[in-house]
>>> print(open('work.cif').read())   # mmCIF, C-alpha atoms, pLDDT in the B column; chains and numbers go by the auth columns
data_coords
#
loop_
_atom_site.group_PDB
_atom_site.id
_atom_site.type_symbol
_atom_site.label_atom_id
_atom_site.label_comp_id
_atom_site.label_asym_id
_atom_site.label_seq_id
_atom_site.Cartn_x
_atom_site.Cartn_y
_atom_site.Cartn_z
_atom_site.B_iso_or_equiv
_atom_site.auth_seq_id
_atom_site.auth_asym_id
ATOM 1 C CA MET A 1 0.000 0.000 0.000 96.00 15 A
ATOM 2 C CA ILE A 2 1.032 3.603 -0.465 97.00 16 A
ATOM 3 C CA VAL A 3 0.689 6.204 2.274 95.00 17 A
ATOM 4 C CA ALA A 4 1.176 9.983 2.301 95.00 18 A
ATOM 5 C CA ASN A 5 0.100 13.031 4.269 92.00 19 A
ATOM 6 C CA ARG A 6 -2.580 15.272 2.819 93.00 20 A
ATOM 7 C CA LEU A 7 -1.344 18.870 2.723 93.00 21 A
ATOM 8 C CA ALA A 8 -4.768 20.394 3.390 90.00 22 A
ATOM 9 C CA ASP A 9 -4.965 18.974 6.926 85.00 23 A
ATOM 10 C CA GLY A 10 -1.957 16.712 7.544 84.00 24 A
ATOM 11 C CA ARG A 11 -4.090 13.566 7.678 86.00 25 A
ATOM 12 C CA ALA A 12 -2.522 10.243 6.704 89.00 26 A
ATOM 13 C CA VAL A 13 -4.126 9.070 3.459 93.00 27 A
ATOM 14 C CA PHE A 14 -3.750 5.989 1.295 95.00 28 A
ATOM 15 C CA PHE A 15 -3.603 5.615 -2.471 97.00 29 A
ATOM 16 C CA THR A 16 -6.825 3.977 -3.634 96.00 30 A
ATOM 17 C CA GLU A 17 -7.759 1.581 -6.399 93.00 31 A
ATOM 18 C CA ASP A 18 -9.452 4.549 -8.106 94.00 32 A
ATOM 19 C CA GLY A 19 -6.129 6.406 -8.302 95.00 33 A
ATOM 20 C CA ASP A 20 -7.036 8.938 -5.632 95.00 34 A
ATOM 21 C CA TRP A 21 -6.301 9.395 -1.902 96.00 35 A
ATOM 22 C CA SER A 22 -8.467 8.457 1.076 93.00 36 A
ATOM 23 C CA PRO A 23 -8.071 7.912 4.824 90.00 37 A
ATOM 24 C CA ASP A 24 -10.544 5.013 4.463 89.00 38 A
ATOM 25 C CA LEU A 25 -8.656 1.703 4.609 89.00 39 A
ATOM 26 C CA ALA A 26 -11.560 -0.053 2.862 92.00 40 A
ATOM 27 C CA ARG A 27 -10.584 1.793 -0.340 94.00 41 A
ATOM 28 C CA VAL A 28 -6.796 1.273 -0.203 94.00 42 A
ATOM 29 C CA LEU A 29 -4.908 -0.222 -3.117 96.00 43 A
ATOM 30 C CA VAL A 30 -2.895 -3.243 -2.023 96.00 44 A
ATOM 31 C CA ALA A 31 -0.380 -3.892 -4.783 94.00 45 A
ATOM 32 C CA ASN A 32 1.924 -6.865 -5.131 92.00 46 A
ATOM 33 C CA GLU A 33 5.660 -6.449 -5.720 88.00 47 A
ATOM 34 C CA ASP A 34 5.208 -6.451 -9.506 90.00 48 A
ATOM 35 C CA ALA A 35 2.654 -3.613 -9.479 94.00 49 A
ATOM 36 C CA ILE A 36 3.908 -1.414 -6.637 94.00 50 A
ATOM 37 C CA ASP A 37 6.372 0.581 -8.765 94.00 51 A
ATOM 38 C CA ASP A 38 3.659 1.606 -11.245 95.00 52 A
ATOM 39 C CA ALA A 39 1.301 2.521 -8.409 96.00 53 A
ATOM 40 C CA LEU A 40 4.040 4.520 -6.691 96.00 54 A
ATOM 41 C CA ASP A 41 4.746 6.439 -9.906 95.00 55 A
ATOM 42 C CA ALA A 42 1.043 7.314 -10.194 95.00 56 A
ATOM 43 C CA ALA A 43 0.884 8.363 -6.539 96.00 57 A
ATOM 44 C CA LEU A 44 3.977 10.564 -6.781 95.00 58 A
ATOM 45 C CA LYS A 45 2.255 12.748 -9.385 95.00 59 A
ATOM 46 C CA PHE A 46 0.020 14.057 -6.599 95.00 60 A
ATOM 47 C CA GLU A 47 3.087 15.179 -4.670 91.00 61 A
ATOM 48 C CA GLY A 48 4.079 17.365 -7.618 90.00 62 A
ATOM 49 C CA SER A 49 0.683 19.079 -7.568 91.00 63 A
ATOM 50 C CA ASN A 50 0.969 19.743 -3.802 92.00 64 A
ATOM 51 C CA ASP A 51 -1.965 17.539 -2.810 94.00 65 A
ATOM 52 C CA VAL A 52 0.128 15.212 -0.620 96.00 66 A
ATOM 53 C CA VAL A 53 3.678 14.925 0.748 96.00 67 A
ATOM 54 C CA SER A 54 5.885 12.091 1.972 94.00 68 A
ATOM 55 C CA VAL A 55 4.546 9.499 -0.469 96.00 69 A
ATOM 56 C CA GLU A 56 5.944 6.061 0.339 95.00 70 A
ATOM 57 C CA ALA A 57 5.169 2.408 -0.237 96.00 71 A
ATOM 58 C CA ILE A 58 4.641 0.483 2.991 95.00 72 A
ATOM 59 C CA GLU A 59 3.983 -3.127 3.853 95.00 73 A
ATOM 60 C CA ALA A 60 0.342 -4.149 4.201 95.00 74 A
ATOM 61 C CA ASP A 61 -1.170 -6.593 6.671 94.00 75 A
ATOM 62 C CA THR A 62 -3.619 -8.497 4.486 94.00 76 A
ATOM 63 C CA SER A 63 -4.741 -10.836 7.275 95.00 77 A
ATOM 64 C CA THR A 64 -7.358 -8.250 8.258 89.00 78 A
ATOM 65 C CA ASN A 65 -10.335 -7.003 6.282 92.00 79 A
ATOM 66 C CA PRO A 66 -9.806 -4.333 5.190 90.00 80 A
ATOM 67 C CA ALA A 67 -6.036 -4.541 4.887 93.00 81 A
ATOM 68 C CA ARG A 68 -4.140 -2.194 7.161 90.00 82 A
ATOM 69 C CA PRO A 69 -0.561 -0.965 7.573 92.00 83 A
ATOM 70 C CA ALA A 70 1.698 -3.703 8.907 92.00 84 A
ATOM 71 C CA HIS A 71 3.800 -1.340 11.005 90.00 85 A
ATOM 72 C CA MET A 72 2.697 0.676 14.021 85.00 86 A
ATOM 73 C CA LYS A 73 3.624 4.206 12.864 84.00 87 A
ATOM 74 C CA PRO A 74 1.342 4.422 9.801 82.00 88 A
ATOM 75 C CA LEU A 75 -1.346 2.510 11.707 79.00 89 A
ATOM 76 C CA MET A 76 -1.278 5.134 14.470 77.00 90 A
ATOM 77 C CA GLN A 77 -1.340 7.914 11.881 76.00 91 A
ATOM 78 C CA THR A 78 -4.493 6.358 10.486 74.00 92 A
ATOM 79 C CA THR A 79 -6.418 5.695 13.685 69.00 93 A
ATOM 80 C CA GLY A 80 -5.002 8.033 16.295 66.00 94 A
ATOM 81 C CA PRO A 81 -3.684 7.221 19.778 62.00 95 A
ATOM 82 C CA THR A 82 -3.569 3.555 20.718 62.00 96 A
ATOM 83 C CA VAL A 83 -3.783 4.205 24.455 64.00 97 A
ATOM 84 C CA ARG A 84 -6.889 6.436 24.232 67.00 98 A
ATOM 85 C CA PRO A 85 -9.213 5.028 21.557 63.00 99 A
ATOM 86 C CA ASP A 86 -11.819 7.576 22.642 69.00 100 A
ATOM 87 C CA LEU A 87 -9.698 10.429 21.232 65.00 101 A
ATOM 88 C CA GLY A 88 -8.573 9.301 17.770 62.00 102 A
ATOM 89 C CA TYR A 89 -10.074 9.263 14.317 62.00 103 A
ATOM 90 C CA GLN A 90 -11.687 5.950 15.187 57.00 104 A
ATOM 91 C CA THR A 91 -14.219 7.697 17.461 58.00 105 A
ATOM 92 C CA GLY A 92 -16.354 8.826 14.548 58.00 106 A
ATOM 93 C CA THR A 93 -17.228 7.585 11.114 53.00 107 A
ATOM 94 C CA ASN A 94 -17.436 11.000 9.474 53.00 108 A
ATOM 95 C CA TRP A 95 -14.211 12.731 10.465 49.00 109 A
ATOM 96 C CA GLU A 96 -13.873 14.195 7.002 50.00 110 A
#
>>> encode(input="work.cif", output="structure tokens")
Amino acid sequence: MIVANRLADGRAVFFTEDGDWSPDLARVLVANEDAIDDALDAALKFEGSNDVVSVEAIEADTSTNPARPAHMKPLMQTTGPTVRPDLGYQTGTNWE
């Protein structure tokens, strides 16, 4: 999967199957090793237009549905604090 930070609000967003960005993990593009370079090239175009920054490919945990970041840092960026689940993005369904 590909993650970046949206410049408008700093929110962690993921490159989607539609070729756009969303904080919604249900829409994330999970690419295999053969397709990740093409997806990363497409995602980097948004960095040039100042929509997002810090575009990077990260490992996905596909054992969950929807898939989620395999490492803690991007997972915390997506959901908010792990020690206070009442304060993060996960508290509401319509944060946007």
>>> atom_distance(input="work.cif", atom1="CA of Pro80 (chain A)", atom2="CA of Val42 (chain A)")
8.3 Å
>>> atom_distance(input="work.cif", atom1="CA of Ala81 (chain A)", atom2="CA of Leu39 (chain A)")
6.8 Å
>>> closest_residue(input="work.cif", among="A:Asn46, A:Ser63, A:Ile16, A:Glu31", to="Arg82 (chain A)", atoms="only C-alpha atoms")
A:Ile16
>>> residues_around(input="work.cif", residues="Ala57 (chain A)", least_positions_apart="4", cutoff="10 Å", atoms="only C-alpha atoms", output="list in words")
Ile16, Val17, Ala18, Phe28, Phe29, Thr30, Gly33, Asp34, Trp35, Asp51, Asp52, Ala53, Glu61, Gly62, Val66, Val69, Glu70 and Ala71 of chain A
>>> axis_aligned_box(input="work.cif", around="region 50-68 of chain A", padding_each_side="5 Å", output="lines of an AutoDock Vina configuration file")
center_x = 2.2
center_y = 9.2
center_z = -4.6
size_x = 18.3
size_y = 31.2
size_z = 23.2
>>> residues_around(input="work.cif", residues="Pro88 (chain A)", least_positions_apart="3", cutoff="10 Å", atoms="all atoms listed in the file", output="VMD selection string")
chain A and resid 17 to 18 26 to 27 72 to 73 82 to 85 91 to 94
>>> write_last_selection(input="work.cif", atoms="C-alpha atoms", output="mmCIF file, in the coordinates of the input")
data_model
loop_
_atom_site.group_PDB
_atom_site.id
_atom_site.type_symbol
_atom_site.label_atom_id
_atom_site.label_comp_id
_atom_site.auth_asym_id
_atom_site.auth_seq_id
_atom_site.Cartn_x
_atom_site.Cartn_y
_atom_site.Cartn_z
ATOM 1 C CA VAL A 17 0.689 6.204 2.274
ATOM 2 C CA ALA A 18 1.176 9.983 2.301
ATOM 3 C CA ALA A 26 -2.522 10.243 6.704
ATOM 4 C CA VAL A 27 -4.126 9.070 3.459
ATOM 5 C CA ILE A 72 4.641 0.483 2.991
ATOM 6 C CA GLU A 73 3.983 -3.127 3.853
ATOM 7 C CA ARG A 82 -4.140 -2.194 7.161
ATOM 8 C CA PRO A 83 -0.561 -0.965 7.573
ATOM 9 C CA ALA A 84 1.698 -3.703 8.907
ATOM 10 C CA HIS A 85 3.800 -1.340 11.005
ATOM 11 C CA GLN A 91 -1.340 7.914 11.881
ATOM 12 C CA THR A 92 -4.493 6.358 10.486
ATOM 13 C CA THR A 93 -6.418 5.695 13.685
ATOM 14 C CA GLY A 94 -5.002 8.033 16.295
#
>>> atom_distance(input="work.cif", atom1="CA of Asp65 (chain A)", atom2="CA of Asp23 (chain A)")
10.3 Å
>>> closest_residue(input="work.cif", among="A:Ser68, A:Asp32, A:Met15, A:Ala74", to="Ile50 (chain A)", atoms="only C-alpha atoms")
A:Met15
>>> closest_residue(input="work.cif", among="A:Lys87, A:Asn64, A:Asn79, A:Leu58", to="Leu21 (chain A)", atoms="all atoms listed in the file")
A:Asn64
>>> closest_residue(input="work.cif", among="A:Thr76, A:Val67, A:Met90, A:Ala40", to="Arg20 (chain A)", atoms="only C-alpha atoms")
A:Val67
